[in-house]
Every structure is written in C-alpha cells, then in structure tokens.
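Heads up, the thing below is written out as structure tokens.
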2 protein chains.
Amino acid sequence: MIKTPYLLFLGDAPDRLAAKVAQGIRDWRPENATGQFRLPGCGADLGLKDMTLAEARDAGAKTLVIGVANRGGVISRAWKEVLLEALAMGYDLASGLHNLLRDEADLAAAAKAHGRVLHDVRVPTIQYPIANGTKRTGKRCLAVGTDCSVGKMYTALSMDAEMRRRGLQSTFRATGQTGILITGGGVPLDAVIADFMAGAVEYLTPDNDPDHWDHIEGQGSLFHVSYSGVTMALIHGGQPDALILSHEPTRAHMRGLPEYALPTLEALRDTALPLARIANPACRVAGVSINTQNLPEDEAKAYLAEIGARMGLPVTDPYRFGAGTLVDALQAL
Amino acid sequence: MIKTPYLLFLGDAPDRLAAKVAQGIRDWRPENATGQFRLPGCGADLGLKDMTLAEARDAGAKTLVIGVANRGGVISRAWKEVLLEALAMGYDLASGLHNLLRDEADLAAAAKAHGRVLHDVRVPTIQYPIANGTKRTGKRCLAVGTDCSVGKMYTALSMDAEMRRRGLQSTFRATGQTGILITGGGVPLDAVIADFMAGAVEYLTPDNDPDHWDHIEGQGSLFHVSYSGVTMALIHGGQPDALILSHEPTRAHMRGLPEYALPTLEALRDTALPLARIANPACRVAGVSINTQNLPEDEAKAYLAEIGARMGLPVTDPYRFGAGTLVDALQAL
C-alpha cells in the first residue's frame with residue numbers, strides 16, 4: 001500500500017486533462033489530497049491549496065504522487081529536482097508513468113540513501129497465485145463495458161461512494177494505475193503475466209463479511225479484441241454476484257479499432273452473464289451505467305429512460321446523476 | 001527460432017512420461033531428432049539412436065534440447081556436466097524448464113564464452129504489440145476445449161500433419177513450451193503480459209497465402225476460470241476461420257478445480273462461436289476432436305459415433321484414428 005495522504009504533483013501540466021490522475025484522487029479520495037504542487041507554467045488547477053514540499057510534509061503528507069502525464073516519456077530536469085528534494089525530505093514517491101521511477105539511477109540512489117519507497121504502480125510487485133476458483137464469502141460487483149474507457153472505473157467508484165454514504169460495507173478494488181493511485185493499492189492487471197491474471201483478481205477480492213461489497217474496477221471489454229482476455233480474467237477471477245453493463249452512447253466504433261462496431265447492451269448482457277455464471281451461478285445483471293458526458297442533460301435523461309424501458313433494468317449515469325438506483329439494485333438482489 | 005536438428009537430452013528420466021517433450025519432438029518432427037542422449041539409469045527410450053555429443057554433432061545436430069522434466073526444480077550436477085560440454089562443443093541449448101538456463105551462472109558464462117545461445121522457451125524474448133484486430137489474409141484454425149489438457153495441441157499437430165501429407169499449405173503455430181520445442185519457434189502465451197496476449201497471437205499468425213492454414217495451438221478453456229483469459233486472447237488474436245471443439249470424455253471435473261463440472265460440447269460451441277465471430281464473423285465450428293486415450297477402441301468408436309450424431313459435425317480422435325475428417329471439413333468450408 002502507498003502511504004497516505006498525498007501531495008499531488010501537477011508539474012507543468014498544460015491543462016486539467018493532463019492531470020487526470022490527480023483529478024481522480026481529488027474527486028474520489030479528497031481526504032488523501034493534502035495539497036497540490038505546481039511548477040511555473042502549470043495550466044492545471046485542482047482547487048487544492050498550493051503547497052511547498054515542506055508545508056505539505058508539516059500538514060502530514062507522506063507520499064508525493066505524480067498526478068500528471070509526462071511528455072515524450074522523459075522525466076524532465078525540472079521534475080527531477082522536486083522529486084529528489086522530496087525523497088530527501090522523507091516523502092515516498094508514487095507514479096503511474098510508463099517510464100519507471102526505479103529505472104532513474106538518481107532517484108533509485110536517493111530513495112535508497114534516504115530509506116524511501118518508489119511506487120511504480122504500472123508494475124506488479126508481488127507474485128500472484130494461479131486462480132483456484134473457490135467460492136469466496138462476501139459480495140462482488142463488476143462493471144463490464146460495450147467498449148474500453150466507457151466509464152467502468154467511475155461506475156465502481158460512484159457505487160462504492162454511495163454505499164459508504166449509506167453506511168454499508170463497501171470497498172473499491174483498483175485494477176489499473178489510476179485506481180491504484182486513487183486508493184493507494186490494487187493490482188495493475190494489464191501488466192500481470194497471463195497465467196496469473198485471474199489469480200491476481202482473486203487475491204484482490206478475498207473472503208469478506210457476507211454483507212460486504214467489493215466494487216471491482218473493470219478493464220477492457222469482451223468485445224474489444226485487444227484486451228478481451230483481461231476482461232475475461234476479471235469475470236472469472238472476480239466471480240461477481242452482480243454485473244453492471246457500461247456504455248458510452250456516442251462512440252462511433254470500438255476504441256482504437258475503426259473496423260469494429262460496438263455491440264448492443266443486449267449482446268453485452270447475453271455474452272457476459274453466461275460467462276460470469278461459470279464462476280458464480282448466482283450472478284445477475286443488476287443495472288446499466290451510461291456515460292452521458294457527451295450529451296446535453298435533456299438528451300442524457302431521455303436516453304437513460306429509453307434504455308431503462310428497453311432493458312428492463314435500473315439505468316443511470318452514476319457520476320452525473322448519482323449511483324442510487326444501482327446501489328438499490330444491489331441491495332435488492 | 002531454435003536451430004534444428006536436435007540431440008534430445010533425456011537425462012536420467014525415470015520413465016517415458018517424464019520425457020514427454022522429447023516424445024513430442026520425436027512423434028511430430030522426427031526429422032528434427034538426430035538422436036537421444038541418456039545418462040546412466042535413464043528409464044526412457046524414444047527408440048532413437050543413442051549418441052554421444054560428438055556423434056550427434058558430426059551427424060549435424062545443432063541444439064541440445066532438454067526433453068525431460070527435472071526433479072525438484074534443480075539442474076543436477078550430472079546434467080550440468082553434459083550441458084557445459086555441449087556448449088563447449090558448439091551446441092545451443094533449449095529448455096522449457098521452470099528454472100531458467102540463463103539463471104545458472106556457469107551455463108550463462110559458458111554460453112557467452114563459446115558464443116552459444118540459451119533458449120528458455122518459457123520466457124518471451126520479444127516485446128509483442130498490442131492487437132489491432134485487422135483482418136489478416138490466409139486461414140486459421142483453433143481448437144477450443146471443454147477443459148485444459150484435453151488434446152488441443154495434438155489436434156492441431158495432427159491436422160497440420162494431415163494437411164501437409166495432402167500437399168496443402170499448413171503451419172502449426174506453437175503457443176506453449178512443448179509446442180515451441182517441437183517446432184523450434186512460437187509464443188509462450190501463458191508467460192506474456194496481459195495487455196499483449198492477443199497481439200502476441202496476431203504476431204504468431206501473420207498474413208499468409210489465401211489457401212494457407214495456420215493450426216494454432218490452443219491453451220486453457222473458456223470454462224476454466226484459472227486460464228480463460230488466455231483462451232479468450234487466442235480466440236480474438238487468432239481470429240480463427242474454424243474452431244475445433246476438443247473434449248476428453250472421462251474427466252470427472254475441470255482440471256485442478258474439483259468444484260467445477262465440465263461443460264457440454266453444445267455449451268462450448270454456443271460460448272466459443274459468438275466470441276470468435278467478434279473477430280471473424282465468418283468463423284464456423286468445423287468439427288469435434290475427442291481424446292479417447294482412456295477408452296478401449298470399441299468404446300471410443302461408439303462414443304465418436306454418438307457425438308457425431310448429437311452434434312451434426314465431423315468427429316474423430318485425430319491422434320488415434322487420423323485427422324482426415326477434420327481436414328475434409330476445413331477444405332469444405
């Protein structure tokens with residue numbers, strides 16, 4: 001686990017989109033975000049207090065999280081100075097960058113000298129087991145998408161937040177770098193060796209109280225030929241009790257695959273549910289989550305109503321309109 | 001690619017089963033097997049000529065292949081002496097052992113000193129791409145199983161052999177260590193990083209002549225929760241034109257999963273085909289391959305007839321009774 005709370009390093013991010021990871025932490029775990037650190041020329045602002053390394057440390061921050069994508073895959077000189085100073089001041093560092101902190105000789109040496117930890121969350125740090133398929137106690141919910149990047153993580157985070165708001169037992173289980181940085185732990189599933197994918201998901205979602213829900217972050221799509229194997233491992237390793245169908249209605253084709261059309265929500269349901277029932281015969285499709293960010297509010301609401309009538313399931317955009325109906329559906333299972 | 005032909009190292013294998021890899025090479029690529037090398041006490045005999053390292057080298061052998069499982073995951077002193085001498089004499093070494101040749105300091109040093117190659121076929125040696133799903137030319141056939149280890153590799157090897165016997169264009173594409181050692185190349189799919197699995201299969205089965213068939217070695221099963229993600233990546237990365245349903249009729253439960261029953265062949269068909277059609281809408285189920293090794297011949301034949309009537313498809317045990325009917329089915333597609 002990454003030590004919390006964090007100072008969020010925005011560097012010289014040109015805009016808010018480049019600071020997506022920091023934004024996710026700020027949106028979903030504000031209690032983990034002590035402040036933001038910006039370099040001259042930074043165009044992103046999370047509305048957090050700007051802090052120096054010393055100020056944030058005095059306010060309790062334990063880890064400097066790189067909350068921004070870097071350009072050209074290089075950790076710049078300007079970044080390096082801050083990162084080295086942070087290590088010297090007692091911070092751990094955490095990053096989801098493609099180029100690893102540990103591969104930078106100066107950072108590795110400084111971390112060693114100061115007894116600090118470099119968290120490269122793209123890379124698994126433990127040897128996961130092979131999945132054994134044994135039924136686990138507690139409940140699990142998994143969002144499956146018609147495509148990649150349709151809002152599965154935000155669906156899981158929204159449902160987890162709503163359950164905790166209601167005083168229910170709930171944990172968001174991160175399977176990607178952004179989710180891991182948001183919560184401080186998880187499994188970087190797309191970087192796990194093939195034979196251990198489902199075992200990694202079992203490891204991530206262990207036995208729990210009978211009323212406890214794990215909200216497992218989905219990855220890929222059964223209909224996305226580049227990543228469907230990862231999705232399959234989530235469905236079988238997660239042995240979900242409930243599936244949420246996730247969709248983005250303005251997508252013209254599968255992400256990155258111009259020759260592939262998106263499936264219907266019905267096709268997603270009819271494909272995912274029988275596969276999920278191999279691992280958990282009691283699995284149900286509990287609802288539909290629509291990412292309406294590209295629709296004006298009236299169109300969004302009309303679309304949700306249309307899908308609700310068509311699918312006979314609770315439908316919402318949990319980030320825009322709240323996850324209440326989906327959580328109601330889980331409680332009614 | 002591993003240089004052929006091979007001298008097959010049987011070491012001190014207690015019996016023929018322990019020399020399964022060497023047996024596979026001998027059965028399927030006899031032209032690659034110059035001879036066998038046995039240590040005192042070896043209980044396996046492939047019926048090949050026993051040769052010294054010098055004799056096999058003079059007969060043209062280029063690589064010493066470890067064709068036997070080792071005990072306790074240790075490369076013994078007795079093995080080491082032979083392996084070091086082989087490197088000194090100009091052999092490359094190839095191994096599918098869990099413990100890697102390259103991790104043995106003396107072997108690594110000797111290989112370097114003599115300019116030889118250590119092939120650890122369990123470990124990918126190249127960075128595979130992410131799958132792009134683009135339709136490739138040529139034809140591909142994939143065996144999918146009701147369970148793991150039901151005979152998918154032998155099915156593919158049998159069909160490939162039968163096609164080549166008929167003068168047709170055909171290539172067996174190995175996706176596991178035994179297959180890689182048999183043919184000298186392939187992708188160790190279960191050791192590939194999750195995000196690149198389907199891309200590795202695309203890489204393995206590139207554009208080819210319109211009449212050429214790739215026989216892709218299957219892995220795992222869509223119904224085996226430990227490995228289903230690997231199977232999924234084969235189905236989408238391989239974009240098969242034809243599926244062969246593979247089954248072993250005496251299995252009491254899914255391999256290693258006592259709580260999981262095997263699916264029916266109908267369930268396998270109805271699960272695998274729609275998933276395959278995501279990547280290749282023209283995909284068909286071409287036939288059924290039954291591993292009858294645990295049945296006497298009359299029972300085996302009766303069972304094949306029963307399945308043929310039930311499924312309305314060509315059915316055979318391709319290793320026992322020949323792959324002709326399955327190849328006929330591919331040609332009729």
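Chain identifiers are assigned as A, B, and so on, following the order in which chains appear in the structure tokens; residues are numbered from 1 within each chain, and ligands are numbered from 1 in order of appearance.
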
Counting only C-alpha atoms, what are the residues of chain B within 10 Å of chain A, and for each of them which pair of atoms is the nearest and at what distance in Å, to one decimal? Sort the table by chain and rising number, as CSV.
```
residue,atom,partner,partner_atom,distance
B:Pro129,CA,A:Ser226,CA,9.8
B:Ile130,CA,A:Ser226,CA,6.3
B:Ala131,CA,A:Ser226,CA,4.7
B:Asn132,CA,A:Ser226,CA,6.4
B:Gly133,CA,A:Val225,CA,6.2
B:Thr134,CA,A:Glu259,CA,7.6
B:Lys135,CA,A:Glu259,CA,9.1
B:Pro188,CA,A:Ala194,CA,10.0
B:Leu189,CA,A:Ala194,CA,7.2
B:Asp190,CA,A:Ala194,CA,5.0
B:Ala191,CA,A:Ile193,CA,5.5
B:Val192,CA,A:Ile193,CA,5.5
B:Ile193,CA,A:Ile193,CA,4.4
B:Ala194,CA,A:Asp190,CA,5.0
B:Asp195,CA,A:Asp190,CA,5.0
B:Phe196,CA,A:Ser226,CA,7.7
B:Met197,CA,A:Ala194,CA,7.3
B:Ala198,CA,A:Ser226,CA,5.8
B:Gly199,CA,A:Ser226,CA,6.9
B:Glu202,CA,A:Ser226,CA,9.9
B:Gly220,CA,A:Asp195,CA,9.6
B:Leu222,CA,A:Leu275,CA,8.1
B:Phe223,CA,A:Ile278,CA,6.6
B:His224,CA,A:Ile278,CA,8.5
B:Val225,CA,A:His236,CA,5.1
B:Ser226,CA,A:Ala131,CA,4.7
B:Tyr227,CA,A:Asp195,CA,6.2
B:Ser228,CA,A:Met232,CA,6.5
B:Gly229,CA,A:Gly229,CA,4.0
B:Val230,CA,A:Gly229,CA,5.9
B:Thr231,CA,A:Gly229,CA,7.4
B:Met232,CA,A:Gly229,CA,4.9
B:Ala233,CA,A:Gly229,CA,4.8
B:Leu234,CA,A:Gly229,CA,8.4
B:Ile235,CA,A:Val225,CA,8.7
B:His236,CA,A:Val225,CA,5.1
B:Gly237,CA,A:Val225,CA,6.7
B:Gly238,CA,A:Val225,CA,9.8
B:Gln239,CA,A:Val225,CA,9.1
B:Gly256,CA,A:Asn132,CA,7.8
B:Leu257,CA,A:Asn132,CA,6.6
B:Pro258,CA,A:Thr134,CA,9.3
B:Glu259,CA,A:Thr134,CA,7.6
B:Tyr260,CA,A:Ile278,CA,8.3
B:Ala261,CA,A:Ile278,CA,9.5
B:Pro263,CA,A:Ile278,CA,9.2
B:Ala267,CA,A:Pro274,CA,10.0
B:Thr271,CA,A:Leu275,CA,8.0
B:Pro274,CA,A:Thr271,CA,8.2
B:Leu275,CA,A:Phe223,CA,7.9
B:Ala276,CA,A:Val225,CA,9.7
B:Ile278,CA,A:Phe223,CA,6.6
B:Ala279,CA,A:Val225,CA,6.7
```

Please save C-alpha atoms of the selected residues as a short mmCIF file (atom, residue, chain, number, x, y, z; two decimals), in the first residue's frame.
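New file again17.cif:
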```cif
data_model
loop_
_atom_site.label_atom_id
_atom_site.label_comp_id
_atom_site.auth_asym_id
_atom_site.auth_seq_id
_atom_site.Cartn_x
_atom_site.Cartn_y
_atom_site.Cartn_z
CA PRO B 129 2.50 -5.49 -29.96
CA ILE B 130 -0.99 -4.68 -28.74
CA ALA B 131 -3.51 -6.43 -31.01
CA ASN B 132 -5.02 -4.26 -33.74
CA GLY B 133 -7.75 -6.67 -34.85
CA THR B 134 -7.12 -6.03 -38.54
CA LYS B 135 -8.32 -8.86 -40.78
CA PRO B 188 4.91 -18.85 -24.76
CA LEU B 189 1.48 -17.32 -24.35
CA ASP B 190 0.91 -18.08 -20.68
CA ALA B 191 4.03 -16.04 -19.86
CA VAL B 192 3.07 -12.98 -21.91
CA ILE B 193 1.99 -9.76 -20.15
CA ALA B 194 -1.82 -9.44 -20.13
CA ASP B 195 -2.07 -6.41 -22.41
CA PHE B 196 -0.07 -8.09 -25.16
CA MET B 197 -1.61 -11.57 -25.26
CA ALA B 198 -3.86 -11.05 -28.27
CA GLY B 199 -1.12 -9.08 -30.00
CA GLU B 202 -1.58 -11.84 -34.12
CA GLY B 220 -6.76 -23.38 -21.35
CA LEU B 222 -13.22 -20.60 -21.70
CA PHE B 223 -14.74 -22.71 -18.92
CA HIS B 224 -11.56 -22.99 -16.85
CA VAL B 225 -11.59 -19.97 -14.53
CA SER B 226 -7.82 -20.04 -13.95
CA TYR B 227 -6.86 -19.66 -17.61
CA SER B 228 -9.93 -18.47 -19.54
CA GLY B 229 -8.33 -15.09 -20.23
CA VAL B 230 -5.56 -16.78 -22.19
CA THR B 231 -8.13 -18.73 -24.22
CA MET B 232 -10.05 -15.52 -24.90
CA ALA B 233 -6.90 -13.85 -26.23
CA LEU B 234 -6.30 -16.80 -28.56
CA ILE B 235 -9.84 -16.56 -29.92
CA HIS B 236 -9.62 -12.82 -30.57
CA GLY B 237 -5.95 -12.59 -31.53
CA GLY B 238 -6.17 -15.68 -33.72
CA GLN B 239 -9.39 -14.54 -35.46
CA GLY B 256 -7.43 -28.76 -10.80
CA LEU B 257 -10.89 -27.40 -9.95
CA PRO B 258 -12.84 -30.15 -8.15
CA GLU B 259 -15.87 -27.89 -7.68
CA TYR B 260 -16.30 -27.23 -11.39
CA ALA B 261 -18.08 -29.64 -13.75
CA PRO B 263 -19.44 -28.10 -19.87
CA ALA B 267 -22.22 -25.25 -24.30
CA THR B 271 -19.98 -19.93 -25.94
CA PRO B 274 -20.19 -15.99 -30.84
CA LEU B 275 -16.97 -14.79 -29.19
CA ALA B 276 -14.92 -15.89 -32.20
CA ILE B 278 -16.49 -10.78 -32.89
CA ALA B 279 -13.05 -11.03 -34.51
#
```

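Considering only region 21-56 of chain A, backbone DSSP assigns strand (DSSP E) to A:Ala33, A:Thr34, A:Gly35, A:Gln36, A:Phe37, A:Arg38.
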
What's around Thr171 (chain A) at 8 Å? Count only C-alpha atoms, leave out sequence neighbours fewer than 2 positions away in its own chain, and write the answer as a list in words.
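Residues meeting the cut-off are Asp160, Gln169, Arg173, His212, Trp213, Asp214 and His215 of chain A.
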
With only C-alpha atoms as the counted atoms, please give the residues lying no more than 6 Å from Val65 (chain A), apart from itself and same-chain residues fewer than 5 positions off, as a PDB file with N, CA, C and O atoms, in the first residue's frame.
```pdb
ATOM      1  N   LEU A   8      -0.068  16.183  -4.237  1.00  0.00           N
ATOM      2  CA  LEU A   8      -0.281  15.864  -5.653  1.00  0.00           C
ATOM      3  C   LEU A   8       0.612  16.741  -6.523  1.00  0.00           C
ATOM      4  O   LEU A   8       0.456  17.967  -6.548  1.00  0.00           O
ATOM      5  N   PHE A   9       1.518  16.091  -7.221  1.00  0.00           N
ATOM      6  CA  PHE A   9       2.469  16.799  -8.085  1.00  0.00           C
ATOM      7  C   PHE A   9       1.830  16.987  -9.463  1.00  0.00           C
ATOM      8  O   PHE A   9       1.558  16.015 -10.167  1.00  0.00           O
ATOM      9  N   LEU A  93       7.670   8.264  -3.191  1.00  0.00           N
ATOM     10  CA  LEU A  93       7.147   8.726  -4.479  1.00  0.00           C
ATOM     11  C   LEU A  93       6.244   7.655  -5.066  1.00  0.00           C
ATOM     12  O   LEU A  93       6.520   6.456  -4.912  1.00  0.00           O
ATOM     13  N   ALA A  94       5.176   8.087  -5.753  1.00  0.00           N
ATOM     14  CA  ALA A  94       4.299   7.135  -6.437  1.00  0.00           C
ATOM     15  C   ALA A  94       3.995   7.649  -7.829  1.00  0.00           C
ATOM     16  O   ALA A  94       3.744   8.844  -8.012  1.00  0.00           O
TER      17      ALA A  94
END
```

Point-to-point distance from CA of Glu55 (chain B) to CA of Ala78 (chain B), Å rounded to tenths:
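It comes out at 19.6 Å.
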
Distance query region 297-310 of chain A at most 10 Å, only C-alpha atoms, self and fewer than 2 positions along chain excluded, as a list in words:
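That gives Pro249, Leu265, Glu266, Gly287, Val288, Ser289, Ile290, Asn291, Thr292, Gln293, Asn294, Leu295, Gly312, Leu313, Pro314, Val315, Thr316, Asp317, Arg320 and Phe321 of chain A.
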
With DSSP run on the backbone, what are the helix (DSSP H, G or I) residues within region 70-258 of chain B? I'd like them as a PyMOL selection string.
chain B and resi 77-89+101-103+105-114+152-165+177-183+189-191+194-204+228-238

Write out as a JSON list (two decimals) with C-alpha atoms, in the first residue's frame each polymer residue whose atoms come within 9 Å of Lys80 (chain B), counting only C-alpha atoms; drop sequence neighbours fewer than 4 positions from it.
```json
[["chain", "number", "residue", "atom", "x", "y", "z"],
["B", 75, "ILE", "CA", 19.53, -28.74, -12.59],
["B", 76, "SER", "CA", 21.70, -31.54, -11.19],
["B", 84, "LEU", "CA", 28.62, -27.41, -20.24],
["B", 85, "GLU", "CA", 30.38, -29.86, -22.51],
["B", 106, "ASP", "CA", 28.06, -21.41, -15.09],
["B", 107, "LEU", "CA", 25.83, -22.05, -18.11]]
```
